[in-house]
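Q: Below is one structure. I have some questions about it.
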Amino acid sequence: MLEILSLKHTVNFLRHALPISIMSAVLVLGSLVSLATNGINWGLDFTGGTVVEMEFTNPVDLNALRVQLTTPDSEGAIVQNFGSSRDVLVRLQVKEGVKSDVQVKSVMEAAQKVDPQVQQKRVEFVGPQVGKELAEQGALAVLVALICIMIYVSFRFEWRLAFGSVAALAHDVIVTLGVFSVFQLEFDLTVLAGLLTVVGYSLNDTIVVFDRIRENFLKMRKSDPEEVVNTSITQTMSRTIITTGTTLVVVVALFLKGGTMIHGFATALLMGIFVGTYSSIYVASFLAIKLGINREHMMPVEIEKEGADQPPMMP
């Protein structure tokens, strides 16, 4: 399979590196502006609220239930199936001056209009303080992951390659967050999990390319850095096509058929796979070239043996 998908001739990927890098810079800048002005649409996991799980006797029409949930106490409720078409999860935001018990009662009254035999299975309340702590811990988790990755790549690669990989990771995270900010998509714990998955996916793709670049710098002694990078990307393209393709099949299936519960997770992965794949080429590799990477930087450090500078002893 790898031989079938391998490319016979080296593709000049870096021919379009400059305009795509400019596009990436614009995306990052736009994402930062959106995050600073619009912020993030935090989900109930971070803002706090009430969760009500109910079981209906028959498959329920969610739109009909949403129509009933239009009272001031339950306005803005998020309604979604949970497990099966008979199980429904209702999420309610914290409303000033309205107690959680009142909101739950309003939800049950609305549900009984749809199905008088509906049963309340679970009620959970997440306070705003808990949500704030989850948001802080989530941001800390992403930051710690990036720091650990930075330490890892700095030991594994020459600093120019390490800087390129870290820049690509930051690029992927910022652009993915920017999409959620621009379109005000709900950001909950599943999206945070997807964001951390994107970090690992992007790093893996970059390391595969950089390993081949390091090998080819030692083999292709007369080639310039751009030719080495183009050759390395071409050689790893079969792996990228197989990995990205199979991953996309699963993620697209989750996005289309996975339901509302993991829709944000699938959205984050879709964005991350797309952005992470091209950033390995047009952010990480191109930045390493601009920083002046060459064959001499890839050569192993020679360790001088003790006494090597002394003249040989006469017999």
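Ordered as shown in the structure tokens, chains take letters A, B, and onward, while each chain numbers its residues from 1 and ligands are numbered from 1 in the order shown.
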Skip A:His171 itself and residues of its chain fewer than 5 positions away, then list as a PyMOL selection string all residues within 12 Å of it, counting only C-alpha atoms.
A: chain A and resi 21+23-32+146+164-166+176-178+198-199+202-203+271-272+275-280+282-284
Q: Which residues are close to A:Asp211, i.e. within 12 Å by only C-alpha atoms, leaving aside same-chain residues fewer than 3 positions away? Reply as an mmCIF file with all heavy atoms, in the first residue's frame.
A:
```
data_model
loop_
_atom_site.group_PDB
_atom_site.id
_atom_site.type_symbol
_atom_site.label_atom_id
_atom_site.label_comp_id
_atom_site.auth_asym_id
_atom_site.auth_seq_id
_atom_site.Cartn_x
_atom_site.Cartn_y
_atom_site.Cartn_z
ATOM 1 N N VAL A 153 10.859 18.134 22.398
ATOM 2 C CA VAL A 153 11.410 18.377 21.057
ATOM 3 C C VAL A 153 12.743 19.101 21.129
ATOM 4 O O VAL A 153 13.586 18.963 20.232
ATOM 5 C CB VAL A 153 10.408 19.162 20.181
ATOM 6 C CG1 VAL A 153 9.153 18.357 19.926
ATOM 7 C CG2 VAL A 153 10.063 20.508 20.798
ATOM 8 N N ARG A 156 15.179 16.345 21.456
ATOM 9 C CA ARG A 156 15.212 15.396 20.344
ATOM 10 C C ARG A 156 15.769 16.013 19.073
ATOM 11 O O ARG A 156 16.426 15.324 18.287
ATOM 12 C CB ARG A 156 13.802 14.864 20.082
ATOM 13 C CG ARG A 156 13.729 13.929 18.895
ATOM 14 C CD ARG A 156 12.525 13.050 18.930
ATOM 15 N NE ARG A 156 12.512 12.127 17.799
ATOM 16 C CZ ARG A 156 11.626 11.166 17.632
ATOM 17 N NH1 ARG A 156 10.689 10.982 18.529
ATOM 18 N NH2 ARG A 156 11.670 10.376 16.581
ATOM 19 N N PHE A 157 15.501 17.298 18.843
ATOM 20 C CA PHE A 157 15.907 17.924 17.585
ATOM 21 C C PHE A 157 16.824 19.110 17.822
ATOM 22 O O PHE A 157 16.897 19.650 18.931
ATOM 23 C CB PHE A 157 14.674 18.394 16.798
ATOM 24 C CG PHE A 157 13.759 17.290 16.359
ATOM 25 C CD1 PHE A 157 12.530 17.115 16.964
ATOM 26 C CD2 PHE A 157 14.130 16.416 15.349
ATOM 27 C CE1 PHE A 157 11.677 16.104 16.564
ATOM 28 C CE2 PHE A 157 13.292 15.402 14.937
ATOM 29 C CZ PHE A 157 12.065 15.241 15.559
ATOM 30 N N GLU A 158 17.496 19.487 16.736
ATOM 31 C CA GLU A 158 18.279 20.714 16.725
ATOM 32 C C GLU A 158 17.329 21.890 16.955
ATOM 33 O O GLU A 158 16.168 21.843 16.574
ATOM 34 C CB GLU A 158 18.980 20.827 15.368
ATOM 35 C CG GLU A 158 20.158 21.770 15.338
ATOM 36 C CD GLU A 158 19.747 23.174 14.981
ATOM 37 O OE1 GLU A 158 18.632 23.327 14.427
ATOM 38 O OE2 GLU A 158 20.519 24.111 15.247
ATOM 39 N N LEU A 161 14.741 23.129 14.321
ATOM 40 C CA LEU A 161 13.614 22.230 14.097
ATOM 41 C C LEU A 161 12.668 22.247 15.302
ATOM 42 O O LEU A 161 11.449 22.210 15.140
ATOM 43 C CB LEU A 161 14.119 20.804 13.845
ATOM 44 C CG LEU A 161 14.901 20.572 12.548
ATOM 45 C CD1 LEU A 161 15.393 19.129 12.476
ATOM 46 C CD2 LEU A 161 14.038 20.893 11.330
ATOM 47 N N ALA A 162 13.225 22.292 16.494
ATOM 48 C CA ALA A 162 12.392 22.321 17.698
ATOM 49 C C ALA A 162 11.534 23.577 17.729
ATOM 50 O O ALA A 162 10.338 23.524 18.049
ATOM 51 C CB ALA A 162 13.273 22.251 18.943
ATOM 52 N N SER A 165 8.633 23.202 15.290
ATOM 53 C CA SER A 165 7.559 22.310 15.744
ATOM 54 C C SER A 165 6.705 22.970 16.826
ATOM 55 O O SER A 165 5.474 22.827 16.825
ATOM 56 C CB SER A 165 8.161 21.002 16.272
ATOM 57 O OG SER A 165 8.968 21.238 17.407
ATOM 58 N N ASN A 204 2.831 14.541 16.340
ATOM 59 C CA ASN A 204 3.221 13.277 15.723
ATOM 60 C C ASN A 204 3.542 13.458 14.243
ATOM 61 O O ASN A 204 4.540 12.937 13.734
ATOM 62 C CB ASN A 204 2.096 12.254 15.900
ATOM 63 C CG ASN A 204 2.438 10.913 15.279
ATOM 64 O OD1 ASN A 204 3.404 10.273 15.656
ATOM 65 N ND2 ASN A 204 1.644 10.493 14.303
ATOM 66 N N ASP A 205 2.704 14.208 13.546
ATOM 67 C CA ASP A 205 2.921 14.446 12.123
ATOM 68 C C ASP A 205 4.215 15.225 11.895
ATOM 69 O O ASP A 205 4.989 14.919 10.979
ATOM 70 C CB ASP A 205 1.718 15.205 11.557
ATOM 71 C CG ASP A 205 1.634 15.078 10.038
ATOM 72 O OD1 ASP A 205 1.893 13.983 9.524
ATOM 73 O OD2 ASP A 205 1.309 16.079 9.372
ATOM 74 N N THR A 206 4.467 16.225 12.730
ATOM 75 C CA THR A 206 5.673 17.042 12.576
ATOM 76 C C THR A 206 6.932 16.226 12.850
ATOM 77 O O THR A 206 7.938 16.359 12.143
ATOM 78 C CB THR A 206 5.609 18.255 13.522
ATOM 79 O OG1 THR A 206 4.424 19.002 13.264
ATOM 80 C CG2 THR A 206 6.820 19.145 13.332
ATOM 81 N N ILE A 207 6.895 15.381 13.865
ATOM 82 C CA ILE A 207 8.079 14.588 14.220
ATOM 83 C C ILE A 207 8.430 13.608 13.105
ATOM 84 O O ILE A 207 9.614 13.386 12.796
ATOM 85 C CB ILE A 207 7.833 13.851 15.552
ATOM 86 C CG1 ILE A 207 7.952 14.829 16.710
ATOM 87 C CG2 ILE A 207 8.832 12.711 15.742
ATOM 88 C CD1 ILE A 207 7.702 14.230 18.060
ATOM 89 N N VAL A 208 7.421 13.010 12.468
ATOM 90 C CA VAL A 208 7.686 12.085 11.359
ATOM 91 C C VAL A 208 8.422 12.813 10.233
ATOM 92 O O VAL A 208 9.407 12.305 9.675
ATOM 93 C CB VAL A 208 6.371 11.473 10.848
ATOM 94 C CG1 VAL A 208 6.601 10.723 9.536
ATOM 95 C CG2 VAL A 208 5.786 10.519 11.887
ATOM 96 N N ARG A 214 16.050 15.095 9.030
ATOM 97 C CA ARG A 214 17.345 14.881 9.674
ATOM 98 C C ARG A 214 18.126 13.778 8.968
ATOM 99 O O ARG A 214 19.339 13.896 8.744
ATOM 100 C CB ARG A 214 17.139 14.533 11.146
ATOM 101 C CG ARG A 214 18.412 14.335 11.925
ATOM 102 C CD ARG A 214 18.129 14.308 13.412
ATOM 103 N NE ARG A 214 17.097 13.314 13.746
ATOM 104 C CZ ARG A 214 16.586 13.166 14.967
ATOM 105 N NH1 ARG A 214 16.998 13.950 15.939
ATOM 106 N NH2 ARG A 214 15.676 12.241 15.208
ATOM 107 N N GLU A 215 17.461 12.689 8.588
ATOM 108 C CA GLU A 215 18.129 11.600 7.878
ATOM 109 C C GLU A 215 18.634 12.054 6.518
ATOM 110 O O GLU A 215 19.760 11.736 6.112
ATOM 111 C CB GLU A 215 17.164 10.428 7.712
ATOM 112 C CG GLU A 215 16.791 9.735 9.014
ATOM 113 C CD GLU A 215 15.736 8.675 8.804
ATOM 114 O OE1 GLU A 215 15.404 8.400 7.634
ATOM 115 O OE2 GLU A 215 15.240 8.121 9.798
ATOM 116 N N ASN A 216 17.782 12.786 5.795
ATOM 117 C CA ASN A 216 18.147 13.187 4.430
ATOM 118 C C ASN A 216 19.239 14.257 4.410
ATOM 119 O O ASN A 216 19.995 14.351 3.435
ATOM 120 C CB ASN A 216 16.906 13.687 3.683
ATOM 121 C CG ASN A 216 16.002 12.540 3.257
ATOM 122 O OD1 ASN A 216 16.451 11.405 3.098
ATOM 123 N ND2 ASN A 216 14.727 12.824 3.086
ATOM 124 N N PHE A 217 19.344 15.052 5.445
ATOM 125 C CA PHE A 217 20.437 16.019 5.501
ATOM 126 C C PHE A 217 21.786 15.303 5.546
ATOM 127 O O PHE A 217 22.793 15.803 5.023
ATOM 128 C CB PHE A 217 20.288 16.926 6.723
ATOM 129 C CG PHE A 217 19.679 18.260 6.420
ATOM 130 C CD1 PHE A 217 18.492 18.649 7.017
ATOM 131 C CD2 PHE A 217 20.287 19.139 5.536
ATOM 132 C CE1 PHE A 217 17.922 19.874 6.741
ATOM 133 C CE2 PHE A 217 19.725 20.369 5.247
ATOM 134 C CZ PHE A 217 18.535 20.745 5.856
ATOM 135 N N LEU A 218 21.827 14.125 6.166
ATOM 136 C CA LEU A 218 23.063 13.359 6.245
ATOM 137 C C LEU A 218 23.317 12.558 4.971
ATOM 138 O O LEU A 218 24.464 12.263 4.640
ATOM 139 C CB LEU A 218 23.007 12.411 7.449
ATOM 140 C CG LEU A 218 22.844 13.091 8.819
ATOM 141 C CD1 LEU A 218 22.760 12.039 9.921
ATOM 142 C CD2 LEU A 218 23.988 14.054 9.085
ATOM 143 N N VAL A 228 16.162 19.213 0.299
ATOM 144 C CA VAL A 228 16.095 18.162 1.322
ATOM 145 C C VAL A 228 14.711 18.115 1.954
ATOM 146 O O VAL A 228 14.129 17.042 2.149
ATOM 147 C CB VAL A 228 17.171 18.396 2.398
ATOM 148 C CG1 VAL A 228 16.966 17.446 3.571
ATOM 149 C CG2 VAL A 228 18.563 18.224 1.816
ATOM 150 N N VAL A 229 14.170 19.287 2.273
ATOM 151 C CA VAL A 229 12.844 19.344 2.905
ATOM 152 C C VAL A 229 11.774 18.847 1.943
ATOM 153 O O VAL A 229 10.886 18.071 2.332
ATOM 154 C CB VAL A 229 12.544 20.775 3.386
ATOM 155 C CG1 VAL A 229 11.087 20.894 3.827
ATOM 156 C CG2 VAL A 229 13.474 21.156 4.528
ATOM 157 N N SER A 232 11.988 15.092 1.738
ATOM 158 C CA SER A 232 11.519 14.461 2.971
ATOM 159 C C SER A 232 9.995 14.465 3.058
ATOM 160 O O SER A 232 9.374 13.465 3.436
ATOM 161 C CB SER A 232 12.105 15.185 4.183
ATOM 162 O OG SER A 232 13.513 15.195 4.142
ATOM 163 N N ILE A 233 9.384 15.595 2.696
ATOM 164 C CA ILE A 233 7.920 15.679 2.732
ATOM 165 C C ILE A 233 7.308 14.734 1.708
ATOM 166 O O ILE A 233 6.298 14.065 1.975
ATOM 167 C CB ILE A 233 7.468 17.130 2.490
ATOM 168 C CG1 ILE A 233 7.975 18.030 3.613
ATOM 169 C CG2 ILE A 233 5.953 17.206 2.385
ATOM 170 C CD1 ILE A 233 7.741 19.506 3.365
ATOM 171 N N GLN A 235 8.612 11.939 0.602
ATOM 172 C CA GLN A 235 8.790 10.560 1.063
ATOM 173 C C GLN A 235 7.802 10.187 2.170
ATOM 174 O O GLN A 235 7.421 9.020 2.298
ATOM 175 C CB GLN A 235 10.224 10.359 1.550
ATOM 176 C CG GLN A 235 11.257 10.401 0.437
ATOM 177 C CD GLN A 235 12.683 10.376 0.963
ATOM 178 O OE1 GLN A 235 12.931 10.536 2.159
ATOM 179 N NE2 GLN A 235 13.646 10.175 0.064
ATOM 180 N N THR A 236 7.416 11.141 2.988
ATOM 181 C CA THR A 236 6.480 10.857 4.081
ATOM 182 C C THR A 236 5.025 11.110 3.692
ATOM 183 O O THR A 236 4.130 10.910 4.515
ATOM 184 C CB THR A 236 6.815 11.723 5.304
ATOM 185 O OG1 THR A 236 6.786 13.114 4.940
ATOM 186 C CG2 THR A 236 8.190 11.383 5.860
ATOM 187 N N SER A 285 8.336 23.273 8.947
ATOM 188 C CA SER A 285 9.479 23.065 8.055
ATOM 189 C C SER A 285 9.961 24.370 7.426
ATOM 190 O O SER A 285 11.164 24.630 7.345
ATOM 191 C CB SER A 285 9.097 22.063 6.960
ATOM 192 O OG SER A 285 8.707 20.835 7.513
ATOM 193 N N MET A 298 23.016 19.187 11.490
ATOM 194 C CA MET A 298 22.546 17.824 11.727
ATOM 195 C C MET A 298 23.675 16.860 12.084
ATOM 196 O O MET A 298 23.428 15.720 12.467
ATOM 197 C CB MET A 298 21.834 17.286 10.474
ATOM 198 C CG MET A 298 20.615 18.082 10.040
ATOM 199 S SD MET A 298 19.260 17.980 11.221
ATOM 200 C CE MET A 298 19.379 19.616 11.957
#
```
Q: Neighbours of stretch 12-14 of chain A within 10 Å (only C-alpha atoms; same-chain residues fewer than 3 positions away dropped), as number ranges by chain?
A: A: 9, 17-18, 20, 226-227, 229-231, 233-234, 281-282, 285-286
Q: Please dump the current selection as a PDB file, in the first residue's frame; keep N, CA and C atoms.
A:
```
ATOM      1  N   HIS A   9       8.397  11.203  -8.046  1.00  0.00           N
ATOM      2  CA  HIS A   9       9.237  12.392  -8.206  1.00  0.00           C
ATOM      3  C   HIS A   9       9.039  13.313  -7.009  1.00  0.00           C
ATOM      4  N   ALA A  17       5.083  27.988  -0.146  1.00  0.00           N
ATOM      5  CA  ALA A  17       5.249  28.162   1.293  1.00  0.00           C
ATOM      6  C   ALA A  17       5.009  29.603   1.741  1.00  0.00           C
ATOM      7  N   LEU A  18       5.509  30.572   0.979  1.00  0.00           N
ATOM      8  CA  LEU A  18       5.400  31.968   1.407  1.00  0.00           C
ATOM      9  C   LEU A  18       3.948  32.445   1.486  1.00  0.00           C
ATOM     10  N   ILE A  20       1.196  30.690   1.734  1.00  0.00           N
ATOM     11  CA  ILE A  20       0.459  29.929   2.745  1.00  0.00           C
ATOM     12  C   ILE A  20       0.896  30.338   4.142  1.00  0.00           C
ATOM     13  N   GLU A 226      16.188  23.433   0.941  1.00  0.00           N
ATOM     14  CA  GLU A 226      14.833  23.349   0.386  1.00  0.00           C
ATOM     15  C   GLU A 226      14.620  22.025  -0.335  1.00  0.00           C
ATOM     16  N   GLU A 227      15.629  21.574  -1.063  1.00  0.00           N
ATOM     17  CA  GLU A 227      15.512  20.293  -1.767  1.00  0.00           C
ATOM     18  C   GLU A 227      15.406  19.140  -0.775  1.00  0.00           C
ATOM     19  N   VAL A 229      14.170  19.287   2.273  1.00  0.00           N
ATOM     20  CA  VAL A 229      12.844  19.344   2.905  1.00  0.00           C
ATOM     21  C   VAL A 229      11.774  18.847   1.943  1.00  0.00           C
ATOM     22  N   ASN A 230      11.833  19.269   0.688  1.00  0.00           N
ATOM     23  CA  ASN A 230      10.850  18.804  -0.295  1.00  0.00           C
ATOM     24  C   ASN A 230      10.914  17.288  -0.470  1.00  0.00           C
ATOM     25  N   THR A 231      12.121  16.746  -0.533  1.00  0.00           N
ATOM     26  CA  THR A 231      12.288  15.301  -0.658  1.00  0.00           C
ATOM     27  C   THR A 231      11.722  14.570   0.561  1.00  0.00           C
ATOM     28  N   ILE A 233       9.384  15.595   2.696  1.00  0.00           N
ATOM     29  CA  ILE A 233       7.920  15.679   2.732  1.00  0.00           C
ATOM     30  C   ILE A 233       7.308  14.734   1.708  1.00  0.00           C
ATOM     31  N   THR A 234       7.931  14.660   0.529  1.00  0.00           N
ATOM     32  CA  THR A 234       7.436  13.752  -0.508  1.00  0.00           C
ATOM     33  C   THR A 234       7.516  12.299  -0.041  1.00  0.00           C
ATOM     34  N   ILE A 281       4.157  21.268   7.236  1.00  0.00           N
ATOM     35  CA  ILE A 281       4.927  21.616   6.043  1.00  0.00           C
ATOM     36  C   ILE A 281       5.192  23.118   5.973  1.00  0.00           C
ATOM     37  N   TYR A 282       4.114  23.890   6.063  1.00  0.00           N
ATOM     38  CA  TYR A 282       4.202  25.313   5.747  1.00  0.00           C
ATOM     39  C   TYR A 282       4.411  26.210   6.968  1.00  0.00           C
ATOM     40  N   SER A 285       8.336  23.273   8.947  1.00  0.00           N
ATOM     41  CA  SER A 285       9.479  23.065   8.055  1.00  0.00           C
ATOM     42  C   SER A 285       9.961  24.370   7.426  1.00  0.00           C
ATOM     43  N   PHE A 286       9.027  25.193   6.983  1.00  0.00           N
ATOM     44  CA  PHE A 286       9.397  26.450   6.336  1.00  0.00           C
ATOM     45  C   PHE A 286      10.088  27.387   7.321  1.00  0.00           C
TER      46      PHE A 286
END
```
Q: Mind listing the strand (DSSP E or B) residues of stretch 55-269 of chain A, per DSSP on the backbone, as a list in words?
A: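 The strand (DSSP E or B) residues within stretch 55-269 of chain A come out as Glu55, Ile78, Val79, Gln80, Asn81, Phe82, Ser84, Ser85, Arg86, Asp87, Val88, Leu89, Val90, Arg91, Leu92, Gln93, Gln119, Gln120, Lys121, Arg122, Val123, Glu124, Phe125, Val126, Glu186 and Phe187 of chain A.
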Q: Which residues in stretch 67-141 of chain A does DSSP call helix (DSSP H, G or I)? List them as an NGL selection string.
A: :A and (67-68 or 100-114 or 128-141)
Q: Just how far from atom CA of A:Ala135 is atom CA of A:Ser106, in Å to one decimal?
A: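 Calculated distance between atom CA of A:Ser106 and atom CA of A:Ala135 is 28.6 Å.
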Q: Can you work out the spacing between atom CA of A:Gln120 and atom CA of A:Phe265 in Å, to one decimal?
A: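 Rounded to one decimal, the two atoms are 27.2 Å apart.
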Q: Restricting the calculation to only C-alpha atoms, which member of A:Thr47, A:Thr240, A:Asn81, A:Thr267 is positioned closest to A:Leu195?
A: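 The answer is A:Thr267, which sits nearest to A:Leu195.
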Q: In Å, how far is it from atom CA of A:Val118 to atom CA of A:Asp45?
A: 25.6 Å
Q: What's the 8 Å shell around stretch 53-69 of chain A, counting only C-alpha atoms, without same-chain residues fewer than 6 positions away, as a list of chain:residue names?
A: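 My reading of the contact set: A:Glu75, A:Ala77, A:Val79, A:Gln80, A:Asn81, A:Ser85, A:Arg86, A:Asp87, A:Val88, A:Leu89, A:Val90, A:Ser106, A:Val107, A:Ala110, A:Ala111, A:Lys113, A:Val114, A:Asp115, A:Gln117, A:Val118, A:Gln119, A:Gln120, A:Lys121, A:Arg122, A:Val123.
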Q: Could you name the residues that touch A:Thr247 at 10 Å or less, counting only C-alpha atoms, but leaving out those on the same chain fewer than 6 positions away, as a PyMOL selection string?
A: chain A and resi 241+269-270+273
